[in-house]
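Enquirer: Structure file upload-v1.txt, compact mmCIF, C-alpha atoms and all ligand atoms, is pasted below:
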# COMPACT_ATOMS: atom_id res chain seq x y z
CA MET V 488 -0.92 -10.84 22.65
CA ARG V 489 -1.23 -10.72 26.42
CA LEU V 490 -3.39 -7.95 27.83
CA ASP V 491 -0.57 -6.62 30.04
CA LYS V 492 1.74 -6.44 27.04
CA PHE V 493 -0.88 -4.51 25.07
CA LEU V 494 -1.56 -2.10 27.95
CA GLY V 495 2.20 -1.64 28.37
CA LEU V 496 2.59 -0.79 24.67
CA MET V 497 -0.22 1.72 25.05
CA GLY V 498 1.71 3.41 27.85
CA VAL V 499 -0.72 2.57 30.65
CA GLY V 500 2.05 1.71 33.11
CA THR V 501 4.62 -0.87 34.12
CA ARG V 502 3.76 -4.57 34.14
CA LYS V 503 3.42 -4.43 37.94
CA GLN V 504 1.17 -1.38 37.87
CA ILE V 505 -0.92 -2.86 35.08
CA LYS V 506 -1.50 -6.05 37.07
CA GLU V 507 -2.79 -3.93 39.93
CA TYR V 508 -4.93 -1.66 37.72
CA VAL V 509 -6.55 -4.64 36.02
CA LYS V 510 -7.18 -6.33 39.38
CA ASN V 511 -8.93 -3.13 40.46
CA GLY V 512 -11.37 -3.40 37.56
CA ARG V 513 -10.10 -0.49 35.47
CA CYS V 514 -9.82 -2.45 32.21
CA GLN V 515 -12.59 -3.70 29.95
CA VAL V 516 -12.33 -6.07 26.99
CA ASN V 517 -15.28 -5.86 24.62
CA GLY V 518 -17.28 -4.05 27.29
CA ILE V 519 -16.64 -6.59 30.04
CA VAL V 520 -14.47 -5.79 33.06
CA VAL V 521 -11.56 -8.22 33.29
CA SER V 522 -9.59 -8.96 36.41
CA LYS V 523 -6.52 -10.75 35.05
CA ALA V 524 -3.73 -9.06 33.14
CA ASP V 525 -2.29 -12.25 31.68
CA ILE V 526 -5.30 -13.11 29.50
CA HIS V 527 -4.83 -13.07 25.73
CA VAL V 528 -6.49 -10.45 23.57
CA ASN V 529 -6.56 -9.79 19.84
CA GLU V 530 -5.46 -6.16 19.68
CA ASN V 531 -6.83 -5.89 16.13
CA GLU V 532 -10.28 -7.19 16.88
CA ASP V 533 -11.02 -6.77 20.58
CA GLU V 534 -12.11 -3.41 21.93
CA ILE V 535 -9.85 -2.76 24.89
CA ALA V 536 -10.65 0.14 27.22
CA PHE V 537 -8.78 1.54 30.21
CA ASP V 538 -10.64 3.82 32.62
CA GLY V 539 -13.39 3.95 30.01
CA ASN V 540 -11.15 5.10 27.12
CA VAL V 541 -10.87 2.76 24.14
CA LEU V 542 -7.20 2.13 23.33
CA GLY V 543 -5.83 1.94 19.82
CA TYR V 544 -8.90 0.22 18.46
CA SER V 545 -9.81 0.99 14.92
CA LYS V 546 -12.33 -0.70 12.73
CA TYR V 547 -10.03 -0.77 9.73
CA HIS V 548 -6.30 -1.21 9.32
CA TYR V 549 -4.06 0.59 6.85
CA PHE V 550 -0.46 -0.32 6.02
CA MET V 551 2.05 1.14 3.59
CA LEU V 552 4.28 -1.61 2.21
CA TYR V 553 7.42 -1.18 0.16
CA LYS V 554 6.72 -4.18 -2.05
CA PRO V 555 9.98 -5.87 -3.02
CA GLN V 556 10.56 -7.63 -6.31
CA GLY V 557 9.78 -11.36 -6.34
CA VAL V 558 6.64 -11.04 -4.21
CA VAL V 559 3.14 -11.27 -5.68
CA SER V 560 0.36 -8.73 -4.99
CA ALA V 561 -2.11 -11.47 -4.12
CA THR V 562 -3.68 -12.66 -0.90
CA THR V 563 -2.83 -16.31 -1.57
CA ASP V 564 -0.45 -18.04 -3.95
CA GLY V 565 0.66 -21.65 -4.00
CA ARG V 566 4.19 -20.86 -5.19
CA ASN V 567 5.37 -17.35 -4.45
CA THR V 568 5.57 -15.22 -1.32
CA THR V 569 2.59 -12.88 -1.19
CA VAL V 570 2.43 -9.32 0.10
CA LEU V 571 0.19 -10.65 2.88
CA ASP V 572 2.93 -13.05 3.98
CA LEU V 573 5.07 -9.95 4.62
CA LEU V 574 2.43 -8.59 7.02
CA ALA V 575 1.66 -11.88 8.74
CA GLU V 576 2.87 -10.63 12.14
CA GLU V 577 0.10 -8.04 12.18
CA ASN V 578 -2.47 -10.76 12.67
CA VAL V 579 -5.08 -8.72 10.77
CA LYS V 580 -7.70 -10.67 8.90
CA GLY V 581 -9.16 -9.52 5.60
CA LEU V 582 -6.30 -7.33 4.37
CA SER V 583 -6.02 -6.85 0.62
CA PRO V 584 -3.67 -4.86 -1.56
CA ALA V 585 -5.18 -1.76 -3.19
CA GLY V 586 -4.30 -2.73 -6.74
CA ARG V 587 -1.53 -4.89 -8.03
CA LEU V 588 2.09 -4.49 -8.89
CA ASP V 589 3.75 -7.08 -11.12
CA ILE V 590 6.05 -9.61 -9.46
CA ASP V 591 9.11 -7.76 -10.83
CA THR V 592 7.79 -4.29 -9.90
CA GLU V 593 8.64 -2.76 -6.55
CA GLY V 594 7.35 0.18 -4.59
CA LEU V 595 4.32 1.58 -2.87
CA LEU V 596 1.45 -0.74 -2.05
CA LEU V 597 -1.38 0.05 0.33
CA LEU V 598 -2.83 -2.89 2.23
CA THR V 599 -6.09 -2.50 4.06
CA ASP V 600 -9.30 -4.21 5.14
CA ASP V 601 -11.24 -1.05 4.20
CA GLY V 602 -12.95 -2.26 1.03
CA GLY V 603 -14.58 1.14 0.48
CA LEU V 604 -11.21 2.86 0.27
CA ILE V 605 -9.84 0.21 -2.11
CA HIS V 606 -12.86 0.75 -4.31
CA ARG V 607 -12.43 4.53 -4.30
CA LEU V 608 -8.72 4.29 -5.14
CA LEU V 609 -9.15 1.76 -7.93
CA SER V 610 -12.38 2.98 -9.49
CA PRO V 611 -11.57 3.82 -13.14
CA LYS V 612 -13.83 6.88 -12.84
CA LYS V 613 -11.72 8.44 -10.07
CA HIS V 614 -8.53 8.67 -12.17
CA VAL V 615 -6.25 8.50 -9.14
CA ASP V 616 -2.69 9.61 -10.09
CA LYS V 617 0.08 7.03 -9.90
CA VAL V 618 3.72 8.00 -10.26
CA TYR V 619 6.19 5.38 -11.49
CA GLU V 620 9.96 5.52 -11.71
CA VAL V 621 10.76 3.82 -14.99
CA HIS V 622 14.21 2.68 -16.06
CA LEU V 623 14.31 2.09 -19.80
CA ALA V 624 16.30 0.17 -22.40
CA SER V 625 16.70 3.30 -24.55
CA SER V 626 16.00 7.02 -24.42
CA LEU V 627 12.59 8.41 -25.26
CA SER V 628 12.51 10.79 -28.22
CA GLU V 629 10.45 13.99 -28.16
CA ASP V 630 7.98 12.19 -30.41
CA ASP V 631 7.73 9.20 -27.99
CA ILE V 632 7.11 11.58 -25.08
CA ASP V 633 4.46 13.39 -27.07
CA LYS V 634 2.71 10.11 -27.91
CA LEU V 635 2.86 8.83 -24.30
CA GLN V 636 1.52 12.13 -23.02
CA LYS V 637 -1.37 12.21 -25.51
CA GLY V 638 -2.34 8.52 -25.20
CA VAL V 639 -1.09 5.35 -26.91
CA ASP V 640 -2.60 2.18 -28.31
CA ILE V 641 -1.61 -0.64 -25.93
CA GLY V 642 -3.87 -3.20 -27.58
CA ASP V 643 -7.00 -2.55 -25.52
CA LYS V 644 -10.37 -2.23 -27.25
CA LYS V 645 -13.53 -0.47 -26.15
CA ASP V 646 -16.86 -2.35 -26.09
CA ASN V 647 -17.65 -1.01 -29.57
CA GLY V 648 -14.34 -2.33 -30.97
CA ASP V 649 -12.59 1.07 -31.14
CA ILE V 650 -9.01 1.37 -29.89
CA ASP V 651 -9.01 2.23 -26.19
CA TYR V 652 -6.09 4.67 -26.05
CA THR V 653 -4.48 5.33 -22.68
CA LEU V 654 -5.48 8.57 -21.02
CA PRO V 655 -3.10 11.53 -21.28
CA ALA V 656 -0.07 10.96 -19.08
CA LYS V 657 2.96 12.98 -18.03
CA VAL V 658 6.59 12.06 -18.64
CA ILE V 659 9.35 13.72 -16.61
CA ASP V 660 12.96 13.14 -17.63
CA LYS V 661 15.11 12.02 -14.68
CA GLY V 662 18.43 11.52 -16.48
CA LEU V 663 20.40 8.28 -16.24
CA ASP V 664 20.69 5.68 -13.47
CA SER V 665 23.98 4.27 -12.14
CA GLU V 666 24.01 1.78 -15.02
CA ASN V 667 23.52 4.59 -17.57
CA ARG V 668 19.95 3.57 -18.31
CA PRO V 669 17.49 6.40 -19.06
CA VAL V 670 15.08 7.09 -16.19
CA VAL V 671 11.73 8.87 -16.38
CA HIS V 672 8.86 9.45 -14.02
CA LEU V 673 5.60 8.49 -15.64
CA ILE V 674 2.37 9.83 -14.14
CA ILE V 675 -0.73 7.93 -15.17
CA HIS V 676 -4.34 8.17 -14.06
CA GLU V 677 -5.48 4.63 -14.79
CA GLY V 678 -4.44 1.18 -13.60
CA ARG V 679 -4.62 -1.14 -16.57
CA PHE V 680 -2.89 -4.52 -16.57
CA HIS V 681 0.90 -4.07 -17.16
CA GLN V 682 0.08 -0.52 -18.15
CA VAL V 683 3.50 1.09 -17.86
CA LYS V 684 5.28 -1.76 -19.61
CA ARG V 685 2.70 -1.81 -22.40
CA MET V 686 2.86 1.98 -22.82
CA MET V 687 6.62 1.82 -23.24
CA GLU V 688 6.29 -1.11 -25.65
CA ALA V 689 3.84 0.99 -27.67
CA VAL V 690 6.67 3.45 -28.36
CA GLY V 691 9.18 0.67 -29.10
CA ASN V 692 10.93 0.77 -25.74
CA GLU V 693 11.34 -1.70 -22.87
CA VAL V 694 10.99 -1.28 -19.12
CA LEU V 695 14.02 -2.70 -17.30
CA PHE V 696 13.08 -1.64 -13.78
CA LEU V 697 9.83 -0.30 -12.39
CA LYS V 698 8.99 1.22 -9.04
CA ARG V 699 5.78 2.87 -7.89
CA LEU V 700 6.48 6.07 -5.98
CA SER V 701 2.98 7.28 -5.20
CA MET V 702 -0.71 6.61 -5.50
CA GLY V 703 -3.05 9.56 -5.06
CA PRO V 704 -1.89 11.47 -1.98
CA LEU V 705 0.11 8.52 -0.65
CA VAL V 706 3.88 8.73 -1.21
CA LEU V 707 6.27 5.83 -0.60
CA ASP V 708 8.11 6.53 2.66
CA GLU V 709 11.82 6.90 1.87
CA LYS V 710 12.69 5.38 5.24
CA LEU V 711 11.16 2.04 4.26
CA MET V 712 13.41 -0.60 2.72
CA PRO V 713 12.03 -3.16 0.25
CA GLY V 714 9.90 -5.64 2.23
CA GLU V 715 9.30 -3.20 5.11
CA TYR V 716 5.96 -1.69 6.03
CA ARG V 717 4.37 0.64 8.53
CA LYS V 718 0.94 1.85 9.57
CA LEU V 719 -0.37 4.93 7.78
CA THR V 720 -0.04 8.14 9.76
CA ASP V 721 -3.04 10.24 10.79
CA GLU V 722 -2.08 12.79 8.09
CA GLU V 723 -2.02 10.09 5.43
CA LEU V 724 -5.36 8.75 6.61
CA SER V 725 -6.95 12.20 6.42
CA SER V 726 -5.43 12.79 2.97
CA LEU V 727 -7.24 9.60 1.89
CA GLY V 728 -10.45 10.85 3.48
CA VAL V 729 -10.71 8.09 6.07
CA LYS V 730 -10.13 10.13 9.25
N1 LIG V 801 2.47 -1.02 -14.84
C1 LIG V 801 3.13 -2.16 -15.08
O1 LIG V 801 3.45 -2.46 -16.23
N2 LIG V 801 3.42 -2.97 -14.04
C2 LIG V 801 3.12 -2.66 -12.78
O2 LIG V 801 3.43 -3.42 -11.86
C3 LIG V 801 2.43 -1.46 -12.52
C4 LIG V 801 2.13 -0.66 -13.58
Can the structure from this file be put into structure tokens for me?

Expert:
Amino acid sequence: MRLDKFLGLMGVGTRKQIKEYVKNGRCQVNGIVVSKADIHVNENEDEIAFDGNVLGYSKYHYFMLYKPQGVVSATTDGRNTTVLDLLAEENVKGLSPAGRLDIDTEGLLLLTDDGGLIHRLLSPKKHVDKVYEVHLASSLSEDDIDKLQKGVDIGDKKDNGDIDYTLPAKVIDKGLDSENRPVVHLIIHEGRFHQVKRMMEAVGNEVLFLKRLSMGPLVLDEKLMPGEYRKLTDEELSSLGVK
């Protein structure tokens, strides 16, 4: 974007004032004093300073996306819209989703270029909690809930050939949805492929609708509509240990 637009968004002054300030040598781009306010800058990559203070520059970028159904959690895809296509306006290179949601799953997805954070959130050893809203084909019995909470066989094997049961989970009954389908919140601490759907299959049930509500300390913002996104707040960044 144009430098004067960026400085305006940062609250430096009006367009007219900004033109004057820049002419007077008060603005630096990547350490070099600039004299024209109509030059183009990349607000995500250039370090822009006014009176010596760096404005809005951060090394990494963090976005909370309400992933809609029908969009893939990939960075490129020949056929489908990707989650990165939804953030194209941000003009940030190197963003990736922290984990994947299936094409028909909606909900919270963190997109960032901070590979260290992605690694920490996805590392199987960290057991980061994920909460899913699960709409089911039929009700879960006490026995099903007990099995899901203790760990089920979803077809995975350990290196030694033993069954790799899912880790203990938590099931919270949420009643019925508007179509009278049973709804539960399922809290899991792993992120295996199609995990929620396979866990429900393991107790003879079927997931009809799936939405991720949270991942670790990050909770899907209720103000976001499917397909919308926003930057993480300072509080969210500190809860993730990046600020
Ligand atoms: N579990 C699933 O089955 N699908 C998802 O998208 C996420 C978790």

Enquirer: Please check which residues have atoms at most 12 Å from (-3.8, 4.7, -29.9) in the file's coordinates, counting only C-alpha atoms, and write them as a PyMOL selection string.

Expert: chain V and resi 634-645+649-655+685-686+689-690

Enquirer: Might I get the box with edges along x, y and z of the file that holds all atoms of ligand LIG 801 (chain V) listed there, padded by 4 Å on every side, given as centre and edge lengths in Å to one decimal, as JSON?

Expert:
{"center_x": 2.8, "center_y": -2.0, "center_z": -14.0, "size_x": 9.3, "size_y": 10.8, "size_z": 12.4}

Enquirer: Give the answer as one residue: which of V:Leu604, V:Val516, V:Ile590, V:Leu552 has the shortest atom-to-atom distance to ligand LIG 801 (chain V), using all atoms listed in the file?

Expert: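 Counting all atoms listed in the file, the residue closest to ligand LIG 801 (chain V) is V:Ile590.
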
Enquirer: When you draw a straight line from atom CA of V:Glu677 to atom CA of V:Pro611, how long is it in Å?

Expert: 6.4 Å

Enquirer: Near V:Leu695, counting all atoms listed in the file, which residues have an atom at most 9 Å away, once you skip same-chain residues fewer than 5 positions from it, shown as a list in words?

Expert: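 That gives Val621, His622, Leu623, Ala624 and Arg668 of chain V.
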
Enquirer: Can you tell me which residues come within 8 Å of ligand LIG 801 (chain V) when counting all atoms listed in the file, ideally as a list in words?

Expert: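 If we count all atoms listed in the file, the neighbours of ligand LIG 801 (chain V) turn out to be Arg587, Leu588, Asp589, Ile590, Asp591, Thr592, Glu593, Tyr619, Gly678, Arg679, Phe680, His681, Gln682, Val683, Lys684, Arg685, Met686, Leu697, Lys698 and Arg699 of chain V.
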
Enquirer: Suppose you want the space between atom CA of V:Ala561 and atom CA of V:Arg717; what is it in Å?

Expert: 18.7 Å

Enquirer: Which residues come within 10 Å of V:Gly539, counting all atoms listed in the file, excluding same-chain residues fewer than 6 positions away, as a ChimeraX atom specification?

Expert: /V:513-515,518

Enquirer: Give me the residues within 10 Å of V:Arg489 as number ranges by chain, counting all atoms listed in the file and dropping any in the same chain fewer than 3 places off.

Expert: V: 492-495, 524-530

Enquirer: Pick out the closest residue to V:Leu627 from this set: V:Glu709, V:Asp646, V:Glu688, V:Asp533. Count all atoms listed in the file.

Expert: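 Looking at the shortest contact to V:Leu627, the residue is V:Glu688.
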